[in-house]
Amino acid sequence: MARRKAEPEEATASPDRWRLRIVGEGEEAPDQLLANPFNWRVHPSFQQAALAAVLDEVGWVQRVLVNQQTGHMVDGHLRVALAITRGEASVPVTYLDLDPDEERKVLATFDPIGALAAPDRDKLRELLAEVTAGSEATDALLRQLQEQVGAVVEPPDAFPEPNLETDHACPSCGYEWNGPCR
């Protein structure tokens with residue numbers, strides 16, 4: 001494995017600082033990377049075509065995450081599969097140092113946490129107005145995003161915001177709810 005080592009991290013985390021789990025970066029032959037046996041994501045053909053098109057048009061902008069303790073990928077399974085299909089000699093990799101339990105936690109939560117982000121529809125409309133597709137697959141993805149943005153019906157101003165007491169509030173987005181926290 002071609003690796004560039006990061007600075008060593010202290011063995012224990014300080015209560016006021018997150019541990020740095022990134023221990024290196026490099027490039028690997030995609031057919032030498034191990035799929036994670038717990039990978040629960042399935043990539044439909046529409047997603048495969050869209051990602052392949054963006055990789056063709058732009059190139060690599062995100063590294064594949066590999067846990068050096070187990071050798072398993074933690075993120076990037078589809079990018080690696082596409083690289084193998086295309087015959088790419090190498091893919092960019094970030095090496096992590098996670099025990100098997102931490103690896104499973106990251107695998108279970110990494111994509112879903114990103115998916116929790118809510119769109120700012122006005123900003124998305126602005127962005128989409130400035131993006132030019134370079135292929136049919138990218139065009140289809142952009143059209144789908146435009147349809148989603150255009151299909152949203154905003155509530156009329158005549159409806160006042162309810163003033164309800166809630167038990168919990170998300171510190172990131174402000175979403176409030178009652179009931180258990182998970």
# chains A, B, ... in the order shown; residues from 1 in each chain; ligands from 1

call {"tool": "closest_atom_pairs", "arguments": {"of": "stretch 56-173 of chain A", "to": "stretch 25-31 of chain A", "cutoff": "12 Å", "atoms": "only C-alpha atoms", "output": "tab-separated table"}}
result
residue	atom	partner	partner_atom	distance
A:Trp60	CA	A:Glu27	CA	11.9
A:Gln62	CA	A:Glu25	CA	11.8
A:Arg63	CA	A:Glu25	CA	8.7
A:Val64	CA	A:Glu27	CA	9.3
A:Leu65	CA	A:Glu25	CA	9.2
A:Val66	CA	A:Glu25	CA	9.5
A:Asn67	CA	A:Glu25	CA	11.3
A:Gln68	CA	A:Glu25	CA	10.8
A:Gly71	CA	A:Glu28	CA	11.7
A:Met73	CA	A:Pro30	CA	10.8
A:Gly76	CA	A:Pro30	CA	10.5
A:His77	CA	A:Pro30	CA	9.8
A:Leu78	CA	A:Pro30	CA	10.9
A:Arg79	CA	A:Pro30	CA	9.1
A:Val80	CA	A:Pro30	CA	5.6
A:Ala81	CA	A:Pro30	CA	7.6
A:Leu82	CA	A:Pro30	CA	9.2
A:Ala83	CA	A:Pro30	CA	6.5
A:Ile84	CA	A:Pro30	CA	5.9
A:Thr85	CA	A:Pro30	CA	9.7
A:Arg86	CA	A:Pro30	CA	10.4
A:Gly87	CA	A:Pro30	CA	8.8
A:Glu88	CA	A:Pro30	CA	7.4
A:Ala89	CA	A:Ala29	CA	5.6
A:Ser90	CA	A:Ala29	CA	4.3
A:Val91	CA	A:Glu27	CA	5.3
A:Pro92	CA	A:Glu27	CA	4.5
A:Val93	CA	A:Gly26	CA	5.3
A:Thr94	CA	A:Glu25	CA	4.3
A:Tyr95	CA	A:Glu25	CA	5.6
A:Leu96	CA	A:Glu25	CA	8.9
A:Asp97	CA	A:Glu25	CA	11.8

call {"tool": "select_by_dssp", "arguments": {"residues": "stretch 38-154 of chain A", "states": "strand (DSSP E)", "output": "PyMOL selection string"}}
result
chain A and resi 64-67+73-75+91-96

call {"tool": "write_last_selection", "arguments": {"atoms": "N, CA and C atoms", "output": "mmCIF file, in the first residue's frame"}}
result
data_model
loop_
_atom_site.group_PDB
_atom_site.id
_atom_site.type_symbol
_atom_site.label_atom_id
_atom_site.label_comp_id
_atom_site.auth_asym_id
_atom_site.auth_seq_id
_atom_site.Cartn_x
_atom_site.Cartn_y
_atom_site.Cartn_z
ATOM 1 N N VAL A 64 -11.333 7.656 -0.982
ATOM 2 C CA VAL A 64 -11.958 6.456 -0.430
ATOM 3 C C VAL A 64 -11.415 6.290 0.987
ATOM 4 N N LEU A 65 -12.285 5.959 1.950
ATOM 5 C CA LEU A 65 -11.851 5.764 3.335
ATOM 6 C C LEU A 65 -11.588 4.282 3.580
ATOM 7 N N VAL A 66 -10.389 3.970 4.091
ATOM 8 C CA VAL A 66 -9.996 2.586 4.367
ATOM 9 C C VAL A 66 -9.494 2.496 5.795
ATOM 10 N N ASN A 67 -10.015 1.525 6.539
ATOM 11 C CA ASN A 67 -9.564 1.290 7.908
ATOM 12 C C ASN A 67 -8.304 0.432 7.849
ATOM 13 N N MET A 73 -12.889 -1.078 3.364
ATOM 14 C CA MET A 73 -13.352 0.259 3.019
ATOM 15 C C MET A 73 -14.462 0.655 3.987
ATOM 16 N N VAL A 74 -14.481 1.927 4.344
ATOM 17 C CA VAL A 74 -15.524 2.471 5.198
ATOM 18 C C VAL A 74 -16.432 3.389 4.375
ATOM 19 N N ASP A 75 -15.899 3.962 3.320
ATOM 20 C CA ASP A 75 -16.676 4.808 2.418
ATOM 21 C C ASP A 75 -16.005 4.762 1.049
ATOM 22 N N VAL A 91 -6.713 4.610 -7.024
ATOM 23 C CA VAL A 91 -7.720 5.516 -6.468
ATOM 24 C C VAL A 91 -7.109 6.210 -5.258
ATOM 25 N N PRO A 92 -7.517 7.462 -4.983
ATOM 26 C CA PRO A 92 -6.995 8.149 -3.798
ATOM 27 C C PRO A 92 -7.650 7.596 -2.534
ATOM 28 N N VAL A 93 -6.822 7.392 -1.505
ATOM 29 C CA VAL A 93 -7.282 6.750 -0.275
ATOM 30 C C VAL A 93 -6.865 7.572 0.937
ATOM 31 N N THR A 94 -7.756 7.636 1.929
ATOM 32 C CA THR A 94 -7.430 8.141 3.265
ATOM 33 C C THR A 94 -7.482 6.950 4.199
ATOM 34 N N TYR A 95 -6.413 6.742 4.961
ATOM 35 C CA TYR A 95 -6.335 5.629 5.903
ATOM 36 C C TYR A 95 -6.780 6.083 7.282
ATOM 37 N N LEU A 96 -7.623 5.277 7.901
ATOM 38 C CA LEU A 96 -8.141 5.540 9.237
ATOM 39 C C LEU A 96 -7.647 4.473 10.196
#

call {"tool": "residues_around", "arguments": {"residues": "A:Gln148", "least_positions_apart": "2", "cutoff": "12 Å", "atoms": "only C-alpha atoms", "output": "list in words"}}
result
Pro119, Arg121, Leu124, Arg125, Leu128, Leu141, Leu142, Arg143, Gln144, Leu145, Gln146, Gly150, Ala151, Val152 and Val153 of chain A

call {"tool": "select_by_dssp", "arguments": {"residues": "stretch 32-176 of chain A", "states": "helix (DSSP H, G or I)", "output": "ChimeraX atom specification"}}
result
/A:32,45-57,77-86,100-115,121-130,136-150

call {"tool": "residues_around", "arguments": {"residues": "A:Asp111", "least_positions_apart": "4", "cutoff": "12 Å", "atoms": "only C-alpha atoms", "output": "list of chain:residue names"}}
result
A:Asn39, A:Trp40, A:Arg41, A:Val74, A:Asp75, A:Gly76, A:Lys105, A:Val106, A:Leu107, A:Ala115, A:Leu116, A:Ala117

call {"tool": "write_last_selection", "arguments": {"atoms": "C-alpha atoms", "output": "mmCIF file, in the first residue's frame"}}
result
data_model
loop_
_atom_site.group_PDB
_atom_site.id
_atom_site.type_symbol
_atom_site.label_atom_id
_atom_site.label_comp_id
_atom_site.auth_asym_id
_atom_site.auth_seq_id
_atom_site.Cartn_x
_atom_site.Cartn_y
_atom_site.Cartn_z
ATOM 1 C CA ASN A 39 -21.638 -2.408 3.797
ATOM 2 C CA TRP A 40 -25.397 -1.906 3.724
ATOM 3 C CA ARG A 41 -25.597 0.570 0.843
ATOM 4 C CA VAL A 74 -15.524 2.471 5.198
ATOM 5 C CA ASP A 75 -16.676 4.808 2.418
ATOM 6 C CA GLY A 76 -16.283 4.802 -1.361
ATOM 7 C CA LYS A 105 -20.358 2.716 13.803
ATOM 8 C CA VAL A 106 -18.829 4.912 11.101
ATOM 9 C CA LEU A 107 -20.158 2.615 8.352
ATOM 10 C CA ALA A 115 -28.431 12.817 4.443
ATOM 11 C CA LEU A 116 -29.955 14.594 7.466
ATOM 12 C CA ALA A 117 -29.002 17.975 6.002
#

call {"tool": "atom_distance", "arguments": {"atom1": "atom CA of A:Arg17", "atom2": "atom CA of A:His72"}}
result
26.5 Å

call {"tool": "atom_distance", "arguments": {"atom1": "atom CA of A:Ala50", "atom2": "atom CA of A:Ala137"}}
result
5.0 Å
